[in-house]
Amino acid sequence: MELLPDYDEEQTAQAVADFFLKDDSRHPRNYQRIRHQYIALRSISSPVGDVTGVHGTLHNHTEDKLINGMIYKQALECVDCAIERCSAQSKVILIHRFKAGEKQWQAKKAAHIGGNDQYPIAERRACREFADIIQKYRVIYGVEELIPDMLVMDN
């Protein structure tokens with residue numbers, strides 16, 4: 001049993017970037033889609049009831065929407081939990097560049113990184129940290145169906 005397996009750092013960093021920034025059919029399990037589903041299921045309308053009981057229903061649609069939305073809420077909390085456990089600089093990059101979808105120069109400024117060569121290194125490090133941490137938390141939160149495994153192992 002290998003406690004700290006080797007993984008492809010570049011492909012792992014790309015998998016994290018794709019998870020946050022790609023919202024297309026080639027990347028169906030992504031942060032934007034989880035967020036959109038949670039928002040859609042969270043926007044619950046007031047229950048409309050028939051006080052006379054003539055047109056009553058045996059099904060509570062509002063309750064179903066709340067229950068179905070919980071898995072998306074757990075996935076978002078899982079992502080936040082993993083980001084929170086990253087190093088300070090990585091946390092800033094993950095929040096600004098990936099969660100908020102800002103441009104690289106904006107994340108670079110927020111992270112107080114000088115020099116053009118330093119930011120790509122810091123961004124890849126942030127992605128690797130996140131992939132390593134989310135690996136455990138996606139299981140703890142029970143959201144493996146929504147959050148993919150982003151650690152790409154070496155061959």
# chains A, B, ... in the order shown; residues from 1 in each chain; ligands from 1

call {"tool": "residues_around", "arguments": {"residues": "Tyr38 of chain A", "least_positions_apart": "6", "cutoff": "7 Å", "atoms": "only C-alpha atoms", "output": "list in words"}}
result
Gly69, Tyr72 and Lys73 of chain A

call {"tool": "atom_distance", "arguments": {"atom1": "atom CA of Asp8 of chain A", "atom2": "atom CA of Asp154 of chain A"}}
result
5.1 Å

call {"tool": "closest_residue", "arguments": {"among": "A:Leu41, A:Leu146, A:Val152, A:Ala88", "to": "His112 of chain A", "atoms": "only C-alpha atoms"}}
result
A:Ala88

call {"tool": "closest_residue", "arguments": {"among": "A:Ala82, A:Phe20, A:Asp6, A:Ala40", "to": "Ile140 of chain A", "atoms": "only C-alpha atoms"}}
result
A:Ala82

call {"tool": "residues_around", "arguments": {"residues": "Ala122 of chain A", "least_positions_apart": "5", "cutoff": "12 Å", "atoms": "only C-alpha atoms", "output": "short mmCIF file (atom, residue, chain, number, x, y, z; two decimals) with N, CA, C and O atoms, in the first residue's frame"}}
result
data_model
loop_
_atom_site.label_atom_id
_atom_site.label_comp_id
_atom_site.auth_asym_id
_atom_site.auth_seq_id
_atom_site.Cartn_x
_atom_site.Cartn_y
_atom_site.Cartn_z
N ALA A 13 -3.62 19.47 -12.19
CA ALA A 13 -3.94 20.91 -12.18
C ALA A 13 -4.98 21.23 -13.26
O ALA A 13 -5.91 22.02 -13.02
N SER A 87 -3.36 26.11 1.67
CA SER A 87 -2.49 27.17 2.17
C SER A 87 -3.10 28.53 1.85
O SER A 87 -3.97 28.65 0.99
N ALA A 88 -2.65 29.57 2.54
CA ALA A 88 -3.24 30.90 2.40
C ALA A 88 -3.22 31.40 0.95
O ALA A 88 -4.23 31.87 0.43
N GLN A 89 -2.08 31.29 0.28
CA GLN A 89 -1.97 31.77 -1.09
C GLN A 89 -2.84 30.94 -2.04
O GLN A 89 -3.53 31.48 -2.90
N SER A 90 -2.84 29.64 -1.85
CA SER A 90 -3.66 28.77 -2.69
C SER A 90 -5.15 29.07 -2.49
O SER A 90 -5.92 29.06 -3.44
N LYS A 91 -5.53 29.33 -1.25
CA LYS A 91 -6.92 29.65 -0.94
C LYS A 91 -7.37 30.90 -1.71
O LYS A 91 -8.44 30.92 -2.31
N VAL A 92 -6.54 31.93 -1.72
CA VAL A 92 -6.86 33.17 -2.44
C VAL A 92 -7.01 32.89 -3.94
O VAL A 92 -7.96 33.35 -4.58
N ILE A 93 -6.10 32.13 -4.50
CA ILE A 93 -6.16 31.80 -5.93
C ILE A 93 -7.41 31.00 -6.24
O ILE A 93 -8.12 31.29 -7.21
N LEU A 94 -7.70 29.99 -5.43
CA LEU A 94 -8.87 29.15 -5.68
C LEU A 94 -10.17 29.95 -5.59
O LEU A 94 -11.08 29.77 -6.41
N ARG A 97 -9.73 33.02 -8.69
CA ARG A 97 -9.60 32.52 -10.07
C ARG A 97 -10.66 31.48 -10.41
O ARG A 97 -11.25 31.52 -11.48
N GLN A 104 -6.79 35.74 -14.66
CA GLN A 104 -5.55 35.43 -13.96
C GLN A 104 -4.91 36.67 -13.35
O GLN A 104 -4.40 36.60 -12.23
N ALA A 107 -6.61 37.43 -10.02
CA ALA A 107 -6.22 36.50 -8.96
C ALA A 107 -4.78 36.75 -8.52
O ALA A 107 -4.46 36.68 -7.33
N LYS A 108 -3.93 37.06 -9.48
CA LYS A 108 -2.52 37.37 -9.19
C LYS A 108 -2.43 38.58 -8.27
O LYS A 108 -1.69 38.58 -7.28
N ALA A 111 -3.70 37.74 -4.75
CA ALA A 111 -2.76 36.88 -4.01
C ALA A 111 -1.42 37.58 -3.75
O ALA A 111 -0.53 36.99 -3.14
N HIS A 112 -1.29 38.82 -4.22
CA HIS A 112 -0.06 39.60 -4.04
C HIS A 112 1.16 38.87 -4.60
O HIS A 112 2.19 38.73 -3.93
N ILE A 113 1.02 38.40 -5.83
CA ILE A 113 2.11 37.70 -6.49
C ILE A 113 2.75 38.63 -7.50
O ILE A 113 2.08 39.18 -8.36
N GLY A 114 4.06 38.80 -7.38
CA GLY A 114 4.79 39.65 -8.31
C GLY A 114 5.49 38.80 -9.36
O GLY A 114 5.81 37.64 -9.14
N GLY A 115 5.70 39.37 -10.50
CA GLY A 115 6.42 38.67 -11.56
C GLY A 115 5.51 37.75 -12.35
O GLY A 115 4.67 37.06 -11.80
N ASN A 116 5.69 37.78 -13.65
CA ASN A 116 4.83 36.99 -14.53
C ASN A 116 5.07 35.50 -14.42
O ASN A 116 4.18 34.70 -14.70
N ASP A 117 6.27 35.08 -14.05
CA ASP A 117 6.59 33.66 -13.97
C ASP A 117 6.04 33.01 -12.70
O ASP A 117 5.85 31.79 -12.67
N CYS A 127 -4.03 24.24 -7.41
CA CYS A 127 -4.85 23.17 -8.00
C CYS A 127 -4.46 21.81 -7.44
O CYS A 127 -5.33 20.98 -7.12
N ARG A 128 -3.16 21.57 -7.30
CA ARG A 128 -2.70 20.29 -6.76
C ARG A 128 -3.12 20.12 -5.30
O ARG A 128 -3.56 19.05 -4.88
N GLU A 129 -3.00 21.19 -4.52
CA GLU A 129 -3.43 21.14 -3.12
C GLU A 129 -4.92 20.82 -3.04
O GLU A 129 -5.34 19.97 -2.26
#

call {"tool": "residues_around", "arguments": {"residues": "segment 75-81 of chain A", "least_positions_apart": "2", "cutoff": "12 Å", "atoms": "only C-alpha atoms", "output": "ChimeraX atom specification"}}
result
/A:16,19-20,29-39,69-73,83-86,91,94-95,98-99,130-131,133-148

call {"tool": "write_last_selection", "arguments": {"atoms": "C-alpha atoms", "output": "short mmCIF file (atom, residue, chain, number, x, y, z; two decimals), in the first residue's frame"}}
result
data_model
loop_
_atom_site.label_atom_id
_atom_site.label_comp_id
_atom_site.auth_asym_id
_atom_site.auth_seq_id
_atom_site.Cartn_x
_atom_site.Cartn_y
_atom_site.Cartn_z
CA VAL A 16 -9.12 21.08 -11.21
CA PHE A 19 -13.87 21.29 -12.79
CA PHE A 20 -14.20 24.96 -11.92
CA ARG A 29 -19.55 17.09 -13.33
CA ASN A 30 -18.39 20.64 -12.70
CA TYR A 31 -18.67 23.40 -10.13
CA GLN A 32 -20.87 25.70 -12.24
CA ARG A 33 -23.41 22.97 -12.89
CA ILE A 34 -23.56 22.03 -9.20
CA ARG A 35 -24.05 25.70 -8.31
CA HIS A 36 -26.77 26.19 -10.93
CA GLN A 37 -28.63 23.06 -9.79
CA TYR A 38 -28.50 24.17 -6.16
CA ILE A 39 -29.79 27.64 -7.03
CA GLY A 69 -31.30 20.30 -3.35
CA MET A 70 -29.47 19.07 -0.26
CA ILE A 71 -26.94 16.97 -2.23
CA TYR A 72 -25.94 20.04 -4.24
CA LYS A 73 -25.62 22.08 -1.05
CA ILE A 83 -10.52 25.31 -0.23
CA GLU A 84 -10.47 26.38 3.42
CA ARG A 85 -7.86 23.71 4.18
CA CYS A 86 -5.43 24.87 1.48
CA LYS A 91 -6.92 29.65 -0.94
CA LEU A 94 -8.87 29.15 -5.68
CA ILE A 95 -11.47 31.64 -4.48
CA PHE A 98 -11.75 29.42 -9.86
CA LYS A 99 -14.78 30.00 -7.61
CA PHE A 130 -7.14 21.32 -3.83
CA ALA A 131 -7.18 18.00 -5.72
CA ILE A 133 -7.66 17.62 -0.21
CA ILE A 134 -10.97 17.24 -2.09
CA GLN A 135 -10.10 13.58 -2.67
CA LYS A 136 -10.89 12.80 0.97
CA TYR A 137 -13.70 15.29 1.54
CA ARG A 138 -15.81 14.21 -1.43
CA VAL A 139 -16.09 10.80 0.27
CA ILE A 140 -16.73 12.26 3.73
CA TYR A 141 -19.51 14.49 2.35
CA GLY A 142 -20.91 11.67 0.20
CA VAL A 143 -20.75 13.65 -3.04
CA GLU A 144 -18.58 11.40 -5.22
CA GLU A 145 -21.33 11.38 -7.86
CA LEU A 146 -21.12 15.16 -8.22
CA ILE A 147 -17.44 15.91 -7.61
CA PRO A 148 -15.03 13.88 -9.74
#

call {"tool": "select_by_dssp", "arguments": {"residues": "chain A", "states": "alpha helix (DSSP H)", "output": "ChimeraX atom specification"}}
result
/A:9-21,31-42,61-84,88-93,104-110,118-140

call {"tool": "closest_residue", "arguments": {"among": "A:Asp149, A:Asp23, A:Glu10, A:Ser43", "to": "Arg125 of chain A", "atoms": "only C-alpha atoms"}}
result
A:Glu10

call {"tool": "closest_residue", "arguments": {"among": "A:Gln14, A:Leu21, A:His27, A:Tyr7", "to": "Glu102 of chain A", "atoms": "only C-alpha atoms"}}
result
A:Leu21
